[in-house]
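Data from my_file-v2.txt: compact mmCIF, C-alpha atoms
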```txt
# COMPACT_ATOMS: atom_id res chain seq x y z
CA MET A 209 38.81 -8.24 -17.38
CA LEU A 210 36.62 -5.90 -19.40
CA GLY A 211 33.94 -8.60 -19.63
CA ALA A 212 33.86 -9.01 -15.85
CA LEU A 213 33.79 -5.24 -15.40
CA ILE A 214 30.75 -4.90 -17.65
CA ILE A 215 28.88 -7.82 -16.09
CA VAL A 216 29.44 -6.58 -12.54
CA PHE A 217 28.68 -2.96 -13.50
CA ARG A 218 25.37 -4.04 -15.04
CA GLU A 219 24.41 -5.86 -11.85
CA VAL A 220 25.51 -3.00 -9.58
CA LEU A 221 23.74 -0.36 -11.68
CA GLU A 222 20.27 -1.05 -10.30
CA ALA A 223 21.33 -0.94 -6.67
CA GLY A 224 23.43 2.17 -7.41
CA LEU A 225 20.47 4.00 -8.91
CA ILE A 226 18.26 3.17 -5.93
CA VAL A 227 20.90 4.28 -3.41
CA GLY A 228 21.35 7.56 -5.30
CA ILE A 229 17.62 8.30 -5.31
CA VAL A 230 17.21 7.43 -1.64
CA MET A 231 20.14 9.67 -0.72
CA ALA A 232 18.59 12.56 -2.62
CA ALA A 233 15.18 11.87 -1.09
CA THR A 234 16.56 12.04 2.45
CA ARG A 235 18.61 15.16 1.97
CA GLY A 236 18.56 17.22 5.14
CA VAL A 237 17.26 14.45 7.37
CA GLU A 238 19.41 13.87 10.43
CA GLY A 239 21.36 10.63 10.75
CA ARG A 240 20.78 9.56 7.16
CA GLY A 241 24.47 8.83 6.55
CA ARG A 242 24.43 6.27 9.33
CA TRP A 243 21.23 4.59 8.13
CA ILE A 244 22.33 4.52 4.50
CA SER A 245 25.64 2.96 5.58
CA ILE A 246 23.78 0.41 7.68
CA GLY A 247 21.58 -0.39 4.67
CA ILE A 248 24.56 -0.88 2.35
CA GLY A 249 26.52 -2.84 4.96
CA ALA A 250 23.61 -5.14 5.76
CA GLY A 251 22.97 -5.57 2.04
CA VAL A 252 26.57 -6.62 1.34
CA LEU A 253 26.56 -9.00 4.31
CA GLY A 254 23.18 -10.36 3.22
CA ALA A 255 24.44 -10.79 -0.35
CA ALA A 256 27.37 -12.90 0.87
CA ILE A 257 25.03 -15.03 3.00
CA VAL A 258 22.52 -15.44 0.17
CA ALA A 259 25.32 -16.38 -2.24
CA ALA A 260 26.67 -18.94 0.24
CA PHE A 261 23.25 -20.57 0.50
CA ALA A 262 22.32 -20.00 -3.15
CA GLY A 263 22.11 -23.72 -3.83
CA ALA A 264 19.80 -24.35 -0.88
CA ILE A 265 17.60 -21.31 -1.68
CA SER A 266 17.39 -22.38 -5.31
CA GLN A 267 16.28 -25.89 -4.39
CA ALA A 268 13.70 -24.76 -1.82
CA PHE A 269 10.00 -24.79 -2.68
CA GLU A 270 10.37 -27.24 -5.59
CA GLY A 271 13.08 -25.22 -7.28
CA SER A 272 11.25 -21.90 -6.93
CA GLY A 273 12.99 -20.67 -3.79
CA GLN A 274 15.00 -18.00 -5.60
CA GLU A 275 11.91 -16.55 -7.30
CA LEU A 276 9.87 -16.54 -4.08
CA PHE A 277 12.79 -14.95 -2.24
CA ASN A 278 13.08 -12.20 -4.86
CA ALA A 279 9.32 -11.65 -4.92
CA GLY A 280 9.28 -11.41 -1.12
CA ILE A 281 12.11 -8.93 -0.68
CA LEU A 282 10.81 -6.78 -3.53
CA ALA A 283 7.40 -6.71 -1.83
CA ILE A 284 9.07 -5.59 1.40
CA ALA A 285 10.86 -2.81 -0.49
CA VAL A 286 7.56 -1.66 -2.03
CA VAL A 287 5.92 -1.42 1.40
CA MET A 288 8.90 0.52 2.77
CA LEU A 289 8.85 2.97 -0.15
CA MET A 290 5.12 3.53 0.42
CA TRP A 291 5.76 4.20 4.07
CA HIS A 292 8.50 6.66 3.19
CA ASN A 293 6.35 8.58 0.74
CA ALA A 294 3.40 8.70 3.13
CA TRP A 295 5.70 9.99 5.85
CA MET A 296 7.23 12.56 3.56
CA ALA A 297 3.77 13.71 2.45
CA ARG A 298 3.04 14.46 6.10
CA HIS A 299 6.36 15.93 7.21
CA GLY A 300 8.10 16.99 4.03
CA ARG A 301 7.00 20.61 4.31
CA GLU A 302 8.41 20.93 7.82
CA ILE A 303 11.72 19.48 6.73
CA ALA A 304 11.92 21.82 3.77
CA ALA A 305 11.07 24.78 5.98
CA GLU A 306 13.69 23.90 8.55
CA MET A 307 16.32 23.38 5.89
CA ARG A 308 15.63 26.84 4.56
CA ASN A 309 15.61 28.53 7.93
CA VAL A 310 18.43 27.28 10.07
CA GLY A 311 19.75 24.22 8.35
CA THR A 312 18.92 22.06 11.36
CA ALA A 313 17.62 18.63 10.66
CA VAL A 314 14.40 17.06 11.79
CA SER A 315 14.67 14.54 14.59
CA GLU A 316 11.51 12.71 13.51
CA GLY A 317 13.39 11.72 10.38
CA ALA A 318 14.54 8.46 11.91
CA LYS A 319 11.34 6.71 10.94
CA PRO A 320 11.45 6.70 7.17
CA LEU A 321 15.22 6.31 7.41
CA THR A 322 14.85 2.81 8.80
CA ALA A 323 12.43 2.08 5.96
CA LEU A 324 14.83 3.42 3.37
CA ALA A 325 17.76 1.58 4.95
CA VAL A 326 15.72 -1.59 4.37
CA VAL A 327 15.11 -0.56 0.73
CA ILE A 328 18.83 0.03 0.19
CA GLY A 329 19.69 -3.20 1.96
CA VAL A 330 17.30 -5.16 -0.24
CA ALA A 331 18.59 -3.55 -3.45
CA VAL A 332 22.23 -4.22 -2.55
CA LEU A 333 21.42 -7.76 -1.41
CA ARG A 334 19.57 -8.64 -4.61
CA GLU A 335 22.17 -7.41 -7.05
CA GLY A 336 25.09 -8.09 -4.73
CA SER A 337 24.36 -11.78 -4.33
CA GLU A 338 24.60 -12.19 -8.12
CA VAL A 339 27.91 -10.34 -8.18
CA VAL A 340 29.25 -12.49 -5.34
CA LEU A 341 28.17 -15.68 -7.12
CA PHE A 342 29.71 -14.53 -10.37
CA LEU A 343 33.03 -13.51 -8.82
CA TYR A 344 33.17 -16.52 -6.54
CA GLY A 345 32.66 -18.82 -9.49
CA ILE A 346 35.53 -17.16 -11.33
CA LEU A 347 37.83 -17.37 -8.31
CA ALA A 348 36.86 -20.99 -7.71
CA SER A 349 37.70 -21.94 -11.28
CA GLY A 350 41.23 -20.63 -10.73
CA THR A 351 42.53 -19.71 -14.16
CA SER A 352 43.18 -16.00 -14.76
CA GLY A 353 41.08 -15.27 -11.69
CA VAL A 354 43.05 -12.20 -10.67
CA SER A 355 42.38 -10.09 -13.74
CA ILE A 356 38.70 -11.00 -13.70
CA ALA A 357 38.39 -10.27 -9.99
CA LEU A 358 40.05 -6.92 -10.67
CA GLY A 359 37.55 -6.28 -13.45
CA GLY A 360 34.77 -7.11 -11.02
CA LEU A 361 36.11 -4.68 -8.44
CA LEU A 362 36.37 -1.95 -11.07
CA GLY A 363 32.77 -2.73 -12.00
CA ILE A 364 31.73 -2.08 -8.39
CA VAL A 365 33.72 1.17 -8.36
CA ALA A 366 32.01 2.24 -11.60
CA GLY A 367 28.65 1.43 -9.99
CA ALA A 368 29.51 3.60 -6.98
CA ALA A 369 30.52 6.43 -9.31
CA PHE A 370 27.15 6.08 -11.01
CA THR A 371 25.43 6.36 -7.61
CA ALA A 372 27.27 9.63 -6.99
CA LEU A 373 26.25 10.86 -10.44
CA THR A 374 22.57 10.08 -9.72
CA TYR A 375 22.77 11.78 -6.34
CA PHE A 376 24.43 14.99 -7.51
CA GLY A 377 22.22 15.04 -10.59
CA LEU A 378 19.14 15.02 -8.39
CA LEU A 379 20.63 17.64 -6.07
CA ALA A 380 20.85 20.00 -9.03
CA ILE A 381 17.05 20.16 -8.93
CA PRO A 382 15.89 23.39 -7.22
CA GLN A 383 15.10 22.89 -3.55
CA ARG A 384 11.37 23.63 -3.74
CA TYR A 385 10.86 20.87 -6.30
CA ILE A 386 13.10 18.23 -4.82
CA PHE A 387 10.49 16.65 -2.54
CA SER A 388 7.90 16.30 -5.26
CA VAL A 389 10.51 14.99 -7.72
CA THR A 390 11.87 12.39 -5.30
CA SER A 391 8.32 11.42 -4.26
CA TRP A 392 7.45 10.76 -7.89
CA LEU A 393 10.69 8.87 -8.46
CA ILE A 394 10.02 6.70 -5.42
CA ALA A 395 6.41 6.07 -6.47
CA LEU A 396 7.55 4.90 -9.93
CA LEU A 397 10.39 2.89 -8.39
CA ALA A 398 7.89 1.13 -6.11
CA ALA A 399 5.43 0.46 -8.95
CA GLY A 400 8.21 -1.08 -11.05
CA MET A 401 9.36 -3.21 -8.12
CA ALA A 402 5.80 -4.42 -7.51
CA ALA A 403 5.48 -5.41 -11.18
CA SER A 404 8.82 -7.29 -10.98
CA SER A 405 7.74 -8.96 -7.76
CA VAL A 406 4.55 -10.30 -9.31
CA GLN A 407 6.53 -11.57 -12.32
CA PHE A 408 8.83 -13.49 -9.96
CA LEU A 409 5.71 -14.97 -8.35
CA ASN A 410 4.56 -16.01 -11.80
CA ASN A 411 7.97 -17.60 -12.52
CA ALA A 412 7.62 -19.49 -9.24
CA GLY A 413 4.34 -20.97 -10.40
CA PHE A 414 2.01 -18.59 -8.56
CA ALA A 415 -0.22 -15.81 -9.85
CA GLU A 416 -0.43 -17.56 -13.22
CA VAL A 417 -3.16 -15.28 -14.50
CA LEU A 418 -3.48 -12.35 -16.91
CA GLY A 419 -0.39 -13.71 -18.64
CA ASN A 420 -1.00 -12.10 -22.03
CA THR A 421 1.53 -9.58 -23.29
CA VAL A 422 -0.01 -6.11 -23.53
CA TRP A 423 2.55 -4.57 -25.85
CA ASP A 424 6.04 -5.12 -27.23
CA THR A 425 8.39 -2.15 -27.33
CA SER A 426 11.60 -4.16 -27.58
CA TRP A 427 12.18 -2.61 -31.01
CA ILE A 428 12.33 0.86 -29.43
CA LEU A 429 14.21 0.08 -26.24
CA SER A 430 15.59 -3.35 -25.38
CA GLU A 431 15.52 -4.26 -21.71
CA GLY A 432 18.90 -5.86 -22.23
CA SER A 433 20.60 -2.57 -23.09
CA ILE A 434 22.12 -0.37 -20.40
CA LEU A 435 19.49 2.33 -20.98
CA GLY A 436 16.74 -0.30 -20.91
CA LYS A 437 18.06 -1.65 -17.62
CA LEU A 438 18.22 1.85 -16.15
CA MET A 439 14.67 2.62 -17.21
CA HIS A 440 13.60 -0.75 -15.84
CA THR A 441 14.89 0.20 -12.40
CA LEU A 442 13.85 3.83 -12.56
CA ILE A 443 10.27 3.58 -13.81
CA GLY A 444 9.79 -0.18 -14.11
CA TYR A 445 10.16 -0.19 -17.91
CA THR A 446 9.33 -3.64 -19.27
CA GLU A 447 9.57 -4.33 -22.99
CA ARG A 448 6.74 -6.89 -22.93
CA PRO A 449 4.57 -6.31 -19.86
CA THR A 450 1.88 -8.86 -19.06
CA GLU A 451 -1.64 -7.77 -18.15
CA LEU A 452 -0.86 -8.80 -14.58
CA GLN A 453 2.29 -6.65 -14.43
CA LEU A 454 0.47 -3.64 -15.85
CA THR A 455 -2.42 -4.08 -13.40
CA VAL A 456 -0.07 -4.31 -10.44
CA TYR A 457 1.98 -1.34 -11.69
CA ILE A 458 -1.04 0.94 -11.98
CA GLY A 459 -2.52 -0.45 -8.76
CA THR A 460 0.67 0.36 -6.84
CA LEU A 461 0.70 3.93 -8.16
CA PHE A 462 -2.96 4.36 -7.13
CA ALA A 463 -2.33 2.90 -3.69
CA MET A 464 0.70 5.16 -3.26
CA GLY A 465 -1.25 8.27 -4.28
CA LEU A 466 -4.10 7.35 -1.97
CA LEU A 467 -1.79 6.76 0.99
CA MET A 468 -0.06 10.09 0.42
CA ARG A 469 -3.42 11.89 0.31
CA ILE A 470 -4.49 10.26 3.54
CA ALA A 471 -1.15 11.08 5.17
CA ARG A 472 -1.34 14.70 4.08
CA TYR A 473 -4.82 15.17 5.55
CA ARG A 474 -4.85 16.80 8.95
CA PRO A 475 -8.00 17.69 10.83
CA ARG A 476 -7.92 21.27 12.07
CA GLN A 477 -6.54 21.47 15.54
CA ARG A 478 -8.52 23.25 18.25
CA LEU A 479 -6.96 26.27 19.82
CA ALA A 480 -5.78 25.63 23.32
CA VAL A 481 -7.66 27.61 25.91
CA MET B 986 -14.72 7.00 2.28
CA ARG B 987 -16.85 5.46 -0.45
CA ARG B 988 -14.20 6.45 -2.96
CA THR B 989 -11.56 4.76 -0.85
CA ILE B 990 -13.54 1.52 -0.84
CA ALA B 991 -14.25 1.79 -4.55
CA LEU B 992 -10.54 2.11 -5.21
CA PHE B 993 -9.76 -1.05 -3.30
CA VAL B 994 -12.32 -3.25 -5.02
CA PRO B 995 -10.18 -3.90 -8.13
CA PHE B 996 -7.26 -4.97 -5.90
CA ALA B 997 -9.46 -7.39 -4.00
CA ILE B 998 -10.66 -8.91 -7.27
CA ALA B 999 -7.11 -9.10 -8.60
CA ALA B 1000 -6.01 -10.87 -5.40
CA LEU B 1001 -8.81 -13.42 -5.69
CA VAL B 1002 -8.02 -14.11 -9.33
CA ALA B 1003 -4.32 -14.47 -8.50
CA LEU B 1004 -5.05 -17.06 -5.83
CA SER B 1005 -7.15 -19.26 -8.07
CA PRO B 1006 -5.28 -22.35 -9.31
CA ALA B 1007 -3.68 -22.36 -12.74
CA THR B 1008 -5.61 -24.24 -15.39
CA ALA B 1009 -3.05 -25.70 -17.80
CA GLN B 1010 -0.84 -28.58 -16.72
CA ALA B 1011 2.85 -27.76 -17.08
CA GLN B 1012 5.29 -29.97 -19.04
CA ASP B 1013 8.86 -30.80 -18.08
CA PHE B 1014 12.07 -30.21 -20.11
CA LYS B 1015 15.78 -30.23 -19.38
CA LEU B 1016 18.71 -27.98 -20.32
CA THR B 1017 22.32 -28.65 -19.38
CA ILE B 1018 25.11 -26.09 -19.02
CA LYS B 1019 28.63 -27.42 -19.61
CA ASP B 1020 31.75 -25.43 -20.52
CA HIS B 1021 29.50 -22.32 -20.56
CA LYS B 1022 27.31 -23.77 -23.32
CA PHE B 1023 23.71 -24.92 -23.31
CA THR B 1024 22.69 -28.39 -24.48
CA PRO B 1025 20.45 -28.56 -26.41
CA GLU B 1026 20.96 -25.12 -27.90
CA GLU B 1027 17.52 -25.36 -29.48
CA LEU B 1028 14.84 -26.54 -27.13
CA LYS B 1029 11.50 -27.41 -28.71
CA VAL B 1030 8.51 -26.94 -26.41
CA PRO B 1031 4.76 -27.02 -27.00
CA ALA B 1032 3.09 -23.65 -27.55
CA ASN B 1033 0.20 -22.26 -25.52
CA THR B 1034 0.98 -24.12 -22.31
CA ARG B 1035 3.11 -23.69 -19.21
CA VAL B 1036 6.53 -25.31 -19.55
CA ILE B 1037 8.93 -26.24 -16.76
CA ILE B 1038 12.63 -26.36 -17.69
CA THR B 1039 15.14 -27.85 -15.29
CA VAL B 1040 18.48 -26.17 -15.93
CA VAL B 1041 21.39 -28.32 -14.78
CA ASN B 1042 24.67 -26.44 -14.37
CA GLU B 1043 27.56 -28.90 -14.60
CA ASP B 1044 30.18 -26.12 -14.55
CA ALA B 1045 31.90 -25.05 -11.33
CA THR B 1046 30.95 -21.43 -12.04
CA ALA B 1047 27.55 -19.86 -11.54
CA GLU B 1048 25.41 -18.92 -14.51
CA GLU B 1049 22.48 -16.58 -14.89
CA PHE B 1050 19.75 -17.88 -17.17
CA GLU B 1051 18.31 -14.74 -18.69
CA SER B 1052 15.77 -13.92 -21.32
CA ASN B 1053 13.74 -10.73 -21.50
CA ILE B 1054 11.39 -12.25 -24.04
CA LEU B 1055 10.73 -15.25 -21.77
CA LYS B 1056 10.66 -12.93 -18.72
CA VAL B 1057 13.13 -15.06 -16.82
CA GLU B 1058 16.16 -14.05 -14.78
CA LYS B 1059 17.56 -16.82 -12.63
CA VAL B 1060 20.96 -17.58 -11.13
CA ILE B 1061 22.00 -21.23 -11.23
CA PRO B 1062 24.95 -21.79 -8.86
CA GLY B 1063 27.85 -23.99 -10.01
CA LYS B 1064 27.31 -27.76 -9.78
CA SER B 1065 23.63 -27.22 -9.17
CA SER B 1066 20.29 -27.05 -10.91
CA GLY B 1067 17.33 -24.71 -11.02
CA THR B 1068 13.75 -24.71 -12.22
CA VAL B 1069 12.54 -22.20 -14.79
CA ARG B 1070 8.84 -21.77 -15.54
CA ILE B 1071 7.84 -20.18 -18.84
CA GLY B 1072 4.82 -19.75 -21.06
CA PRO B 1073 2.18 -20.10 -22.23
CA LEU B 1074 4.08 -19.09 -25.40
CA LYS B 1075 2.75 -18.30 -28.84
CA PRO B 1076 4.52 -20.32 -31.57
CA GLY B 1077 7.90 -18.74 -32.31
CA ARG B 1078 11.56 -18.47 -31.35
CA TYR B 1079 12.56 -17.20 -27.93
CA PRO B 1080 16.31 -16.64 -27.46
CA PHE B 1081 17.96 -16.87 -24.05
CA VAL B 1082 21.53 -16.42 -22.77
CA GLY B 1083 23.72 -17.26 -19.83
CA GLU B 1084 24.43 -13.71 -18.77
CA PHE B 1085 27.72 -14.50 -17.04
CA HIS B 1086 29.18 -16.06 -20.23
CA GLU B 1087 27.17 -14.40 -22.94
CA ALA B 1088 29.74 -15.07 -25.68
CA THR B 1089 29.21 -18.84 -25.60
CA ALA B 1090 26.12 -19.51 -23.52
CA LYS B 1091 23.32 -18.92 -26.01
CA GLY B 1092 20.22 -20.84 -26.86
CA VAL B 1093 16.71 -20.58 -28.14
CA VAL B 1094 13.37 -21.98 -27.03
CA ILE B 1095 11.21 -22.91 -30.01
CA ALA B 1096 7.52 -23.03 -29.24
CA GLU B 1097 5.43 -24.98 -31.75
```
Please lay out the structure from this file as structure tokens.
Amino acid sequence: MLGALIIVFREVLEAGLIVGIVMAATRGVEGRGRWISIGIGAGVLGAAIVAAFAGAISQAFEGSGQELFNAGILAIAVVMLMWHNAWMARHGREIAAEMRNVGTAVSEGAKPLTALAVVIGVAVLREGSEVVLFLYGILASGTSGVSIALGGLLGIVAGAAFTALTYFGLLAIPQRYIFSVTSWLIALLAAGMAASSVQFLNNAGFAEVLGNTVWDTSWILSEGSILGKLMHTLIGYTERPTELQLTVYIGTLFAMGLLMRIARYRPRQRLAV
Amino acid sequence: MRRTIALFVPFAIAALVALSPATAQAQDFKLTIKDHKFTPEELKVPANTRVIITVVNEDATAEEFESNILKVEKVIPGKSSGTVRIGPLKPGRYPFVGEFHEATAKGVVIAE
């Protein structure tokens, strides 16, 4: 049971971290509870569907279907995170001001919420499909299934608790810093996802360039450890990044910064006569 | 504006490079999972070239082929098979595990 708990917890951790960050990033935006729930719900449903068709997906594209699928949904998540940060760069100040003044939420908030619901959905789907496959396999094999399934459920509960921990941890940050902190977190999250996405492409037999390892920090922090996994999700930590991964990582950060600068820029409005 | 364009140039180059076809011809190998164990547990592959490993899962349960050093993370559903692409590797030992049954499912790719 403990084994199943740990395996499921490790898989749920990544999605949990992302949900926690997104919840903190959308604090004070109207209707976020609904969109976050939709994201999680769609992710769970999607995970079950993906798990059901895992064999077919795996066999697609000469056995590279799973990698292409992962690369694709990660790319979608990166685009959505960029959209969110650009939007926040433009409207964040208004939201912060309104939160301070009357506590009313901003109606325009719906836009990045759909984007973030997609990000949550993708995160839950990716990790969730592995959990479903793992638990399904155990149940299908019959023997001692109940205790392992229970362990799996406890693993999911532990993951949810971790999400809450992330969320309340971020909320402890003083209000005037929270937007810049969550913007940075989301930028690093996106850069890490982009680097993972390009590695999946490489595993699928595409983007087979710049394959040399730039450095090896596995002796400091192993990606297999819980902390390594957390840092992998949070800032895209990779113990042996390839030149391609590093290029894409830095490129994504640049693109994100550029987009946010463009979004923040507003030509001076003329006074109405 | 010029700065904006200048910033995008490296991405355009990166995209072009990424689209160009791979040079080395990949070689095929096979790994079988049965009773949550890999056969062979030591897989010898040539160094400095792309290698394709077909992982056949004969168990009813799913397995996740995982190796940080090989940069692979792939779920192989029960009674199914999957393709794993690795390399080019420098000569050396590259351990991998089946993450769902880590106690027994262990192996190592030896590049030489």
Write down, as a tab-separated table (two decimals) with C-alpha atoms, keeping the file's coordinate frame, each residue of chain B that has any atom within 7 Å of an atom of chain A, counting only C-alpha atoms.
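Saved file selection.tsv follows:
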```tsv
chain	number	residue	atom	x	y	z
B	1003	ALA	CA	-4.32	-14.47	-8.50
B	1004	LEU	CA	-5.05	-17.06	-5.83
B	1007	ALA	CA	-3.68	-22.36	-12.74
B	1045	ALA	CA	31.90	-25.05	-11.33
B	1046	THR	CA	30.95	-21.43	-12.04
B	1047	ALA	CA	27.55	-19.86	-11.54
B	1053	ASN	CA	13.74	-10.73	-21.50
B	1062	PRO	CA	24.95	-21.79	-8.86
B	1065	SER	CA	23.63	-27.22	-9.17
B	1067	GLY	CA	17.33	-24.71	-11.02
B	1068	THR	CA	13.75	-24.71	-12.22
B	1069	VAL	CA	12.54	-22.20	-14.79
B	1070	ARG	CA	8.84	-21.77	-15.54
B	1071	ILE	CA	7.84	-20.18	-18.84
B	1085	PHE	CA	27.72	-14.50	-17.04
```
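Using all atoms listed in the file, the contacts of Phe1014 of chain B at a cut-off of 9 Å, with sequence neighbours closer than 5 positions omitted, comprise Leu1028, Val1030, Val1036, Ile1037, Ile1038, Thr1039 and Val1040 of chain B.
Atom CA of Glu335 of chain A is found 21.1 Å from atom CA of Leu321 of chain A.
Closest to Ala233 of chain A among A:Leu221, A:Leu379, A:Leu282, A:Ala369 is A:Leu379, based on all atoms listed in the file.
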Legend entry - Atom pair atom CA of Leu213 of chain A / atom CA of Ile328 of chain A: separation (Å): 22.2 Å
As a short mmCIF file (atom, residue, chain, number, x, y, z; two decimals), keeping the file's coordinate frame, could you write out segment 1043-1060 of chain B once it has been completed with N, CA and C atoms?
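So rebuild-v8.cif came out as:
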```
data_model
loop_
_atom_site.label_atom_id
_atom_site.label_comp_id
_atom_site.auth_asym_id
_atom_site.auth_seq_id
_atom_site.Cartn_x
_atom_site.Cartn_y
_atom_site.Cartn_z
N GLU B 1043 26.48 -27.95 -14.92
CA GLU B 1043 27.56 -28.90 -14.60
C GLU B 1043 28.89 -28.20 -14.41
N ASP B 1044 28.95 -26.89 -14.75
CA ASP B 1044 30.18 -26.12 -14.55
C ASP B 1044 30.37 -25.82 -13.06
N ALA B 1045 31.63 -25.45 -12.72
CA ALA B 1045 31.90 -25.05 -11.33
C ALA B 1045 31.45 -23.62 -11.08
N THR B 1046 31.31 -22.84 -12.18
CA THR B 1046 30.95 -21.43 -12.04
C THR B 1046 29.43 -21.24 -12.13
N ALA B 1047 28.97 -20.17 -11.50
CA ALA B 1047 27.55 -19.86 -11.54
C ALA B 1047 27.17 -19.32 -12.91
N GLU B 1048 25.91 -19.46 -13.25
CA GLU B 1048 25.41 -18.92 -14.51
C GLU B 1048 24.08 -18.24 -14.25
N GLU B 1049 23.79 -17.20 -15.03
CA GLU B 1049 22.48 -16.58 -14.89
C GLU B 1049 21.69 -16.81 -16.16
N PHE B 1050 20.64 -17.62 -16.04
CA PHE B 1050 19.75 -17.88 -17.17
C PHE B 1050 18.90 -16.65 -17.35
N GLU B 1051 19.05 -15.99 -18.51
CA GLU B 1051 18.31 -14.74 -18.69
C GLU B 1051 17.69 -14.63 -20.06
N SER B 1052 16.44 -14.19 -20.08
CA SER B 1052 15.77 -13.92 -21.32
C SER B 1052 14.66 -12.91 -21.07
N ASN B 1053 14.79 -11.74 -21.68
CA ASN B 1053 13.74 -10.73 -21.50
C ASN B 1053 12.45 -11.19 -22.15
N ILE B 1054 12.58 -11.85 -23.30
CA ILE B 1054 11.39 -12.25 -24.04
C ILE B 1054 10.64 -13.35 -23.30
N LEU B 1055 11.38 -14.20 -22.58
CA LEU B 1055 10.73 -15.25 -21.77
C LEU B 1055 10.40 -14.75 -20.37
N LYS B 1056 10.86 -13.55 -20.04
CA LYS B 1056 10.66 -12.93 -18.72
C LYS B 1056 11.24 -13.79 -17.61
N VAL B 1057 12.46 -14.24 -17.83
CA VAL B 1057 13.13 -15.06 -16.82
C VAL B 1057 14.50 -14.48 -16.51
N GLU B 1058 14.85 -14.49 -15.22
CA GLU B 1058 16.16 -14.05 -14.78
C GLU B 1058 16.47 -14.91 -13.56
N LYS B 1059 17.36 -15.89 -13.74
CA LYS B 1059 17.56 -16.82 -12.63
C LYS B 1059 19.02 -17.26 -12.54
N VAL B 1060 19.58 -17.15 -11.35
CA VAL B 1060 20.96 -17.58 -11.13
C VAL B 1060 20.97 -19.07 -10.82
#
```
